[in-house]
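Structure, as C-alpha cells:
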Amino acid sequence: MVTPRLRTILTAIAIFTVYLLSLWLATTEASRRSVILEVPPQGADYVILDVSVVHVDLLRAEITTRIYFHLAGQLAQDELTPATGLRLVLNTVRGQQQYDFAKGKRINPIEAVFPLQGEVNLYPFDHHTGVLWFFVTIPQGQQAGSTPEPTAKPTPKEPKTSLNPAGISSSKKEKPKSVQKEPEPSPGLPVGTMALQKQVQADTRVNFTASVSGLTFRGSKSVQSAESQKGLTGIQVHLRRSTNVIVISITSMLMMAAMAVGLVAMVLRIVSGTRRMANFHVPMAVSLMFGLPALRNIQPGVPPVGTFGDSVAFIWAEVAAAGSAIALVVHWLLHRTSPTKPPTGQS
C-alpha cells in the first residue's frame with residue numbers, strides 16, 4: 001500500500017523529471033529546427049552563394065536572407081573580386097531583383113526578401129512554403145580568360161545505308177542527344193526558357209542555412225528540376241512552428257479553458273443557491289476578462305485575435321468570464337439576502 005509520504009516523494013520525482021526533460025528539449029531545440037543545404041557546382045569555375053535566413057515575417061508572408069559571395073576558378077581575380085562581369089537575378093518581392101557586378105570590383109553582401117505562401121490563421125499548426133530562385137549569368141557572353149570563337153554551322157550527316165540479308169537497303173539514324181531538362185513551371189521563376197537558352201550561365205554553388213527561433217525548416221530541399229541547369233538554383237523552403245512553440249500554445253489554451261470552466265461552474269453553484277455569493281466572486285470574473293489577453297500573448301509569434309487557437313479556447317474563455325460577471329451582478333440585484341446576525345455578546 002502506498003503511504004502518503006511515498007506518494008509525495010513519487011510526485012516530486014515525476015515533477016522534477018518533467019522539468020529536466022523540458023530543459024533538455026529547450027537546449028537541443030536549435031538542432032531540430034535548423035537546416036543546412038548545399039547545392040554543388042558542375043565544374044571548377046563557379047560562384048559561391050552563402051545564403052542565410054535572418055528574419056521571417058509570417059504576417060507579411062516574407063522571408064529575409066543575407067547573401068555572401070565568393071568566387072573560384074577562372075571567374076575569380078581573388079576570392080571576392082570577379083574576373084568578368086556577373087549578373088544575379090532573384091525572385092524578390094521587395095528591393096532589387098537584378099544585381100550587376102562589374103569586373104574587377106569587390107562584391108559586397110546583399111539582403112533579399114523572398115515571398116512565402118501559407119495560412120497564418122491556423123496558428124500554431126500553420127504551414128508555409130516558398131521557393132527561393134537564384135540565377136547567375138555572364139552578360140558579356142564569354143568566360144573569363146577566354147575569347148569567344150565563332151561557332152561553325154554543323155554539316156548535316158547523311159544517314160548510313162546498309163543492306164540487310166534480303167538485299168533491301170535500310171538507313172540507320174543517329175539517336176538524338178539527351179536534352180537538358182527544363183525546370184518545372186514556378187510562379188516565382190525569375191527567367192523564362194528562352195533566357196536560359198540565350199544567356200551564358202555562370203556555374204554556382206549554393207550553401208543555404210536557416211535557423212530562426214520559433215520556426216522549423218525541416219523538409220526544405222533544393223528544386224531537383226533546376227539542378228541540371230547551370231547557373232540556376234531553387235531552394236524550396238517549408239516552415240512550421242517549432243515543437244516548443246506548439247507545446248507552449250497548447251498549454252496556454254488548456255489553462256484558459258480550465259479557468260473558464262472553473263469560473264462557470266462556480267457561478268452556476270451560486271446562481272442555483274447551493275453556495276453563497278462572496279465579495280471576491282465578481283472581481284475575480286472581471287479580472288479574468290483582462291487577464292486572459294495577457295495569457296494569450298505569451299504564445300511566441302501569435303498573430304492578432306482570430307486564429308484557430310482563439311476559436312478553441314481564448315474567445316470562449318472571454319465569453320465565459322464576461323457572462324459570469326454579468327450573471328453574478330444580476331443574481332446580486334435580484335436576490336436580496338438578509339444581513340447576518342452578529343454573534344452572541346456583540347452589538
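Please note that chains go A, B, ... in the order of the C-alpha cells, that every chain numbers its residues from 1, and that ligands are numbered from 1 in the order shown.
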
**Request:** Extract, using only C-alpha atoms, all DNA, RNA and protein residues at most 9 Å from region 331-334 of chain A, discarding same-chain residues fewer than 6 positions from it, and format them as JSON, numbers by chain.
**Result:** {"A": [270, 271, 277]}

**Message:** Report as a VMD selection string all protein, DNA and RNA residues lying within 9 Å of Asn207 (chain A), evaluated on only C-alpha atoms, omitting residues in the same chain fewer than 2 positions from it.
**Reply:** chain A and resid 36 to 40 48 to 52 205 209

**Prompt:** Got a sec: who's within 6 Å of Gly85 (chain A), counting only C-alpha atoms, leaving out chain neighbours fewer than 5 positions off, as a ChimeraX atom specification?
**Reply:** /A:101-103,138

**Prompt:** If we count only C-alpha atoms, what is near Asp78 (chain A) at a cut-off of 10 Å, once residues fewer than 6 positions away on the same chain are taken out, given as a PyMOL selection string?
**Reply:** chain A and resi 70-72+104+106

**Message:** If we count only C-alpha atoms and set the cut-off at 7 Å, which residues sit around Val53 (chain A), ignoring sequence neighbours fewer than 6 positions away in its own chain? Please answer as a PyMOL selection string.
**Reply:** chain A and resi 64-66+209-211

Residue contacts of Ala257 (chain A) (10 Å, only C-alpha atoms) excluding same-chain residues fewer than 5 positions away, as a CSV table (one decimal) with C-alpha atoms, in the first residue's frame:
chain,number,residue,atom,x,y,z
A,251,THR,CA,-0.6,24.7,-22.6
A,252,SER,CA,-1.8,28.3,-22.6
A,262,GLY,CA,-13.9,26.6,-13.2
A,263,LEU,CA,-15.4,30.1,-13.2
A,312,VAL,CA,-10.6,26.7,-29.5
A,313,ALA,CA,-10.1,28.4,-26.1
A,314,PHE,CA,-9.5,32.2,-25.9
A,315,ILE,CA,-12.7,33.5,-27.3
A,316,TRP,CA,-14.9,31.1,-25.4
A,317,ALA,CA,-12.9,31.8,-22.2
A,318,GLU,CA,-13.5,35.6,-22.6
A,320,ALA,CA,-17.4,32.8,-20.1

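With distances restricted to only C-alpha atoms, A:Ser34 is the closest residue to Gly214 (chain A) from A:Thr84, A:Thr11, A:Ser34, A:Gln97.
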
**Item:** 12 Å contact set for region 17-24 of chain A, only C-alpha atoms, chain neighbours under 5 positions out, as a list in words
**Value:**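 Everything that qualifies: Leu10, Thr11, Ala12, Glu29, Ala30, Ser31, Thr243, Asn244, Val247 and Ile248 of chain A.
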
**Fill in**
Residue with the minimum atom-to-atom distance to Val261 (chain A), picked from A:Ser213, A:Leu295, A:Arg276, A:Val319 with only C-alpha atoms counted, is A:Val319

**Request:** Kindly give the distance, in Å, that separates CA of Ala83 (chain A) and CA of Asp45 (chain A), rounded to a single decimal.
**Result:**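 About the pair CA of Ala83 (chain A) and CA of Asp45 (chain A): they are 11.1 Å apart.
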
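Between CA of Met259 (chain A) and CA of Gly323 (chain A) the separation is 13.6 Å.
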
**Request:** Point out the residue among A:Leu80, A:Ile15, A:Met256, A:Leu232 with the least atom-to-atom distance to Pro109 (chain A), counting only C-alpha atoms.
**Result:**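 Result for the nearest residue to Pro109 (chain A): A:Leu80.
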
**Prompt:** What is the CA of Val245 (chain A)-CA of Val56 (chain A) distance in Å, reported with one decimal?
**Reply:**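 Pair CA of Val245 (chain A) / CA of Val56 (chain A) returns 15.3 Å.
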
**Item:** From A:Ser272, A:Thr137, A:Gln199, A:Ser220, residue lying nearest Leu90 (chain A) [only C-alpha atoms]
**Value:**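 Among the listed residues, A:Thr137 lies closest to Leu90 (chain A).
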
**A:Leu6, A:Val35, A:Leu268, A:Leu75 ranked by distance to His238 (chain A), top pick (using only C-alpha atoms)** = A:Val35
